[in-house]
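Note sheet for the following structure.
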Amino acid sequence: MPEIHLSKESVSDYFKNMFTFDLRAGFITAIVALPLSIGFAVASNVDPSMGIYTAIVAGFLASLFGGSKFSITGPTGSMSVVVLAAMSQYGMEGLFLATVLAGLIQILLGLFKVGKIIKFLPLPLISGFTAGLGLMIIVYQIPNALGLDLPEYESTIEMLGLVLSDLGSINPVVVLMTIGTILLIRLLPRLTKGKKYFASVPPTIVALILSILIFVFLHPDIPTVGLIPAKLPTFSLFKISLSLAVDVLPFALMLVLLGTLESLLCAVVCDGMTATKHDSDRELIGQGIAKVVTPFFGGLPSTAAISRSTINIREGAKTRAGGMFHSLFLLIILLFLGWLGAYLPYAFIAGVLFCVALPMINLREFKLMLNYDRIDAAIFGITFFLTVFADMLLAFEVGILLTMIKFMYDMTQSVQINTIEDYDSTDSADQIRALHERFGDKLAIYTINGPFFFGAMNVFDQKVNVHLPTKRQVIVIRMRYVPYVDATATSRLNEFIASRNRENKYVLITGIRPVVKKHLLRDEIFDTHVRNKEVYLFDSTELAVRYAVNEIFPKFENK
């Protein structure tokens, strides 16, 4: 819950030192958020008012309950792609239910404090997926950018085919307006840089005003968004069923992934701009609450948006009230200026979305991966291709699978199992080497470097099998440099200990880290081996070797 410390002094201090900053920031941010909210609703193929409802309800709730004071929440480009896919398969009710499920999952993630887990997703997967979403936004706005009225389509390939077959219907006025919007948004900040009164004017607003003026005074024959109903978002229930929940769960998980990535990345950016520190778990809870509530008011999936958040900060917001004011101003605009939608060309929306989507396609990251690691570049390319031309859920699943395979391969390559002869000369190594040389016909010493997991089993077996057929009575396994051991490795270690015991041979393990030792002893079989003295644990290799010399070797000599 948000911290509330109300007193006469604190309220007075807020209105004296912060209120006007938050109010101004909220107003400017709302002006910028308006066309983006409409644009992402259009990109999602839903009524434009739903985009505004999302920014109003989700923006207010996420600012109130979230863990970042300056993040502004609303519909975004990546969400619009998921919305489009979910809508095409399960309709509006399926989309609403997927959004609620995503919100509940995000709340649970925040409550269980796993907000930092998102950092473990690798760059090739995230970059490839994000770039694919960016290209999809661009591709799906091509009809709006060319002024084409296409029939319904089911895939990217089908849509591009329809565009190619209808090139003769291109509206040159729409094309010019789209290009003009893009150039204005991209170039205006450079032209006004350093200008006292113009540098802070959002280029999107300038493009919006010019687009409306061109339509009003020149009356071009181009499609527009249409009248936006001037009414409050109202609470309404929708159909909820277990079977539908199961069907839409993959889309819910996709919304969780995208929402978590974008919101936490946005919070980090805000921290860098304001020298503050966000609460990642609380941010997930706030974003989750927004997702749970918004569908009941006719809204779309939402997440924190970097572009709107940076404007909120740049315009001087001091507290989370800036985001709440942004929502209230959007509500006022909806109630009193919704009629302007009838004069808002789709060409302007297409231009804005092109400008939003282009930065999502980070070719610099792909070039870096191509030069550094071809496998990473392949994961990027496959994820990107499947996102655009197949299915985004399949793309993410394949990307995760390829990433896991690469990770296992890299981890396996990092594991080394060395004999004592492999080590350079040091006092400790020389001591052990001297003992080993003295009793080399009876003793083998191995050092495991790296995580001892299923991927390392082949390396382990190759090393120890060299000595299994021999008469060496003792094998010492040094585990000081093992940070982690998994169930597969524990099971294989148990098998190895049992096989040595059947041959009346000994296994001595040294230097186990406390966390690894705790994990091993939780295994009943390994714990039984220890209690039955079928395996011996020592703090150091020297102690283990001396035990072998003094206690084990004499047993064999006396036989």
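The chains in the structure tokens are called A, B, ... from first to last as shown; in each chain the residues are counted from 1, and the ligands are counted from 1 in the order shown.
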Contacts of range 321-348 of chain A with range 229-238 of chain A up to 12 Å, shortest pair per row, only C-alpha atoms, as a tab-separated table:
residue	atom	partner	partner_atom	distance
A:Leu328	CA	A:Leu232	CA	11.4
A:Leu330	CA	A:Leu232	CA	11.0
A:Leu331	CA	A:Leu232	CA	7.6
A:Ile332	CA	A:Ala230	CA	9.4
A:Ile333	CA	A:Ala230	CA	8.8
A:Leu334	CA	A:Ala230	CA	5.7
A:Leu335	CA	A:Ala230	CA	4.4
A:Phe336	CA	A:Ala230	CA	6.6
A:Leu337	CA	A:Ala230	CA	7.7
A:Gly338	CA	A:Ala230	CA	5.6
A:Trp339	CA	A:Pro229	CA	7.6
A:Leu340	CA	A:Pro229	CA	10.5
A:Gly341	CA	A:Pro229	CA	9.3
A:Ala342	CA	A:Pro229	CA	10.6
Contacts of range 35-44 of chain A at 9 Å or less, counting only C-alpha atoms, minus same-chain residues fewer than 6 places along, as a ChimeraX atom specification? /A:50-55,74-77,79-85,87,137,140-141,204-205,208,225,300,346,348-350,352-353
Need to verify the contact set: range 212-222 of chain A, 10 Å, only C-alpha atoms, exclusion of same-chain residues closer than 6 positions in sequence. Can you return it as an mmCIF file with N, CA and C atoms, in the first residue's frame?
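Below is the file that was written, part21.cif:
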data_model
loop_
_atom_site.group_PDB
_atom_site.id
_atom_site.type_symbol
_atom_site.label_atom_id
_atom_site.label_comp_id
_atom_site.auth_asym_id
_atom_site.auth_seq_id
_atom_site.Cartn_x
_atom_site.Cartn_y
_atom_site.Cartn_z
ATOM 1 N N ASN A 144 -2.696 2.073 -42.674
ATOM 2 C CA ASN A 144 -3.016 3.439 -42.247
ATOM 3 C C ASN A 144 -2.077 4.461 -42.874
ATOM 4 N N GLY A 147 -3.230 4.764 -46.547
ATOM 5 C CA GLY A 147 -4.625 5.102 -46.796
ATOM 6 C C GLY A 147 -5.419 3.971 -47.407
ATOM 7 N N LEU A 148 -5.052 2.718 -47.095
ATOM 8 C CA LEU A 148 -5.726 1.559 -47.673
ATOM 9 C C LEU A 148 -6.792 1.017 -46.713
ATOM 10 N N ASN A 171 -3.378 6.394 -51.186
ATOM 11 C CA ASN A 171 -3.778 7.803 -51.102
ATOM 12 C C ASN A 171 -2.527 8.653 -50.886
ATOM 13 N N PRO A 172 -2.094 9.439 -51.866
ATOM 14 C CA PRO A 172 -0.844 10.205 -51.721
ATOM 15 C C PRO A 172 -0.895 11.234 -50.590
ATOM 16 N N VAL A 173 -2.089 11.782 -50.312
ATOM 17 C CA VAL A 173 -2.206 12.754 -49.218
ATOM 18 C C VAL A 173 -1.905 12.087 -47.872
ATOM 19 N N VAL A 174 -2.423 10.865 -47.699
ATOM 20 C CA VAL A 174 -2.158 10.122 -46.463
ATOM 21 C C VAL A 174 -0.665 9.820 -46.333
ATOM 22 N N MET A 177 1.165 12.968 -45.340
ATOM 23 C CA MET A 177 0.911 13.333 -43.939
ATOM 24 C C MET A 177 1.655 12.400 -42.987
ATOM 25 N N LEU A 340 -12.736 16.082 -31.007
ATOM 26 C CA LEU A 340 -11.598 16.330 -31.886
ATOM 27 C C LEU A 340 -11.168 15.066 -32.639
ATOM 28 N N GLY A 341 -11.569 13.889 -32.107
ATOM 29 C CA GLY A 341 -11.226 12.651 -32.792
ATOM 30 C C GLY A 341 -11.753 12.591 -34.213
ATOM 31 N N ALA A 342 -12.853 13.297 -34.471
ATOM 32 C CA ALA A 342 -13.422 13.316 -35.822
ATOM 33 C C ALA A 342 -12.511 14.028 -36.813
ATOM 34 N N TYR A 343 -11.550 14.808 -36.320
ATOM 35 C CA TYR A 343 -10.636 15.565 -37.182
ATOM 36 C C TYR A 343 -9.200 15.028 -37.106
ATOM 37 N N LEU A 344 -9.049 13.877 -36.433
ATOM 38 C CA LEU A 344 -7.702 13.332 -36.224
ATOM 39 C C LEU A 344 -7.429 12.247 -37.270
ATOM 40 N N PRO A 345 -6.539 12.484 -38.228
ATOM 41 C CA PRO A 345 -6.289 11.515 -39.316
ATOM 42 C C PRO A 345 -5.542 10.274 -38.828
ATOM 43 N N TYR A 346 -5.881 9.144 -39.415
ATOM 44 C CA TYR A 346 -5.147 7.913 -39.136
ATOM 45 C C TYR A 346 -3.691 8.038 -39.587
ATOM 46 N N ALA A 347 -3.439 8.888 -40.571
ATOM 47 C CA ALA A 347 -2.064 9.078 -41.048
ATOM 48 C C ALA A 347 -1.176 9.595 -39.922
ATOM 49 N N PHE A 348 -1.721 10.493 -39.097
ATOM 50 C CA PHE A 348 -0.972 10.998 -37.945
ATOM 51 C C PHE A 348 -0.676 9.864 -36.964
#
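Nearest residue to Thr319 in chain A, choosing from A:Leu164, A:Leu402, A:Leu23, A:Leu244 and counting only C-alpha atoms: A:Leu23.
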Could you check the closest approach to Ile417 in chain A for each of A:Lys555, A:Arg472, A:Arg320, A:Arg478 and tell me which residue wins, using only C-alpha atoms? A:Arg478
Would you kindly return, as an MDAnalysis selection string, each protein, DNA or RNA residue with an atom no farther than 9 Å from any atom of range 503-509 of chain A, considering only C-alpha atoms and excluding same-chain residues fewer than 2 positions away? chainID A and resid 471:479 496:501 511:512 534:541 544:545 548 552
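Distances to Ser280 in chain A were evaluated for A:Phe454, A:Phe19, A:Tyr14, A:Phe112 using only C-alpha atoms, and the minimum falls at A:Phe112.
Using only C-alpha atoms, the nearest neighbour of Phe526 in chain A within the list A:Val248, A:Asp47, A:Arg492, A:Cys266 is A:Arg492.
Proximity to Asp527 in chain A at 12 Å, evaluated using only C-alpha atoms and with sequence-adjacent residues fewer than 5 positions away removed, yields Thr490, Ser491, Leu493, Asn494, Ile497, Lys517, Lys518, His519, Leu520, Leu521, Arg522, Asn532, Lys533, Glu534, Val535, Tyr536 and Leu537 of chain A.
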Would you output that residue set with N, CA and C atoms, as a CSV table (one decimal), in the first residue's frame?
chain,number,residue,atom,x,y,z
A,490,THR,N,24.0,-35.1,-7.9
A,490,THR,CA,24.0,-35.8,-6.6
A,490,THR,C,23.7,-37.2,-6.8
A,491,SER,N,22.8,-37.6,-7.7
A,491,SER,CA,22.4,-38.9,-8.0
A,491,SER,C,23.6,-39.7,-8.6
A,493,LEU,N,26.8,-38.9,-8.2
A,493,LEU,CA,27.8,-39.0,-7.1
A,493,LEU,C,27.4,-40.2,-6.2
A,494,ASN,N,26.1,-40.4,-5.9
A,494,ASN,CA,25.7,-41.6,-5.1
A,494,ASN,C,26.0,-42.9,-5.8
A,497,ILE,N,29.8,-43.5,-5.5
A,497,ILE,CA,30.1,-44.0,-4.2
A,497,ILE,C,29.7,-45.4,-4.0
A,517,LYS,N,27.2,-28.5,0.8
A,517,LYS,CA,27.1,-29.6,1.8
A,517,LYS,C,25.7,-29.8,2.3
A,518,LYS,N,25.0,-28.7,2.5
A,518,LYS,CA,23.6,-28.7,3.0
A,518,LYS,C,22.7,-29.3,2.0
A,519,HIS,N,22.9,-29.0,0.7
A,519,HIS,CA,22.1,-29.6,-0.4
A,519,HIS,C,22.4,-31.1,-0.5
A,520,LEU,N,23.6,-31.5,-0.4
A,520,LEU,CA,24.0,-32.9,-0.5
A,520,LEU,C,23.4,-33.7,0.6
A,521,LEU,N,23.5,-33.2,1.8
A,521,LEU,CA,23.0,-33.9,3.0
A,521,LEU,C,21.5,-34.0,3.1
A,522,ARG,N,20.8,-33.1,2.3
A,522,ARG,CA,19.3,-33.2,2.2
A,522,ARG,C,18.9,-34.5,1.4
A,532,ASN,N,26.9,-44.2,7.2
A,532,ASN,CA,27.5,-45.5,7.1
A,532,ASN,C,29.0,-45.6,6.8
A,533,LYS,N,29.6,-44.4,6.7
A,533,LYS,CA,31.0,-44.3,6.4
A,533,LYS,C,31.4,-44.9,5.1
A,534,GLU,N,30.5,-44.8,4.1
A,534,GLU,CA,30.7,-45.2,2.8
A,534,GLU,C,31.4,-44.1,2.0
A,535,VAL,N,31.3,-42.9,2.5
A,535,VAL,CA,32.0,-41.7,1.9
A,535,VAL,C,32.5,-40.9,3.1
A,536,TYR,N,33.6,-40.3,3.0
A,536,TYR,CA,34.2,-39.5,4.1
A,536,TYR,C,34.3,-38.0,3.7
A,537,LEU,N,33.9,-37.1,4.5
A,537,LEU,CA,34.0,-35.7,4.3
A,537,LEU,C,35.1,-35.0,5.1
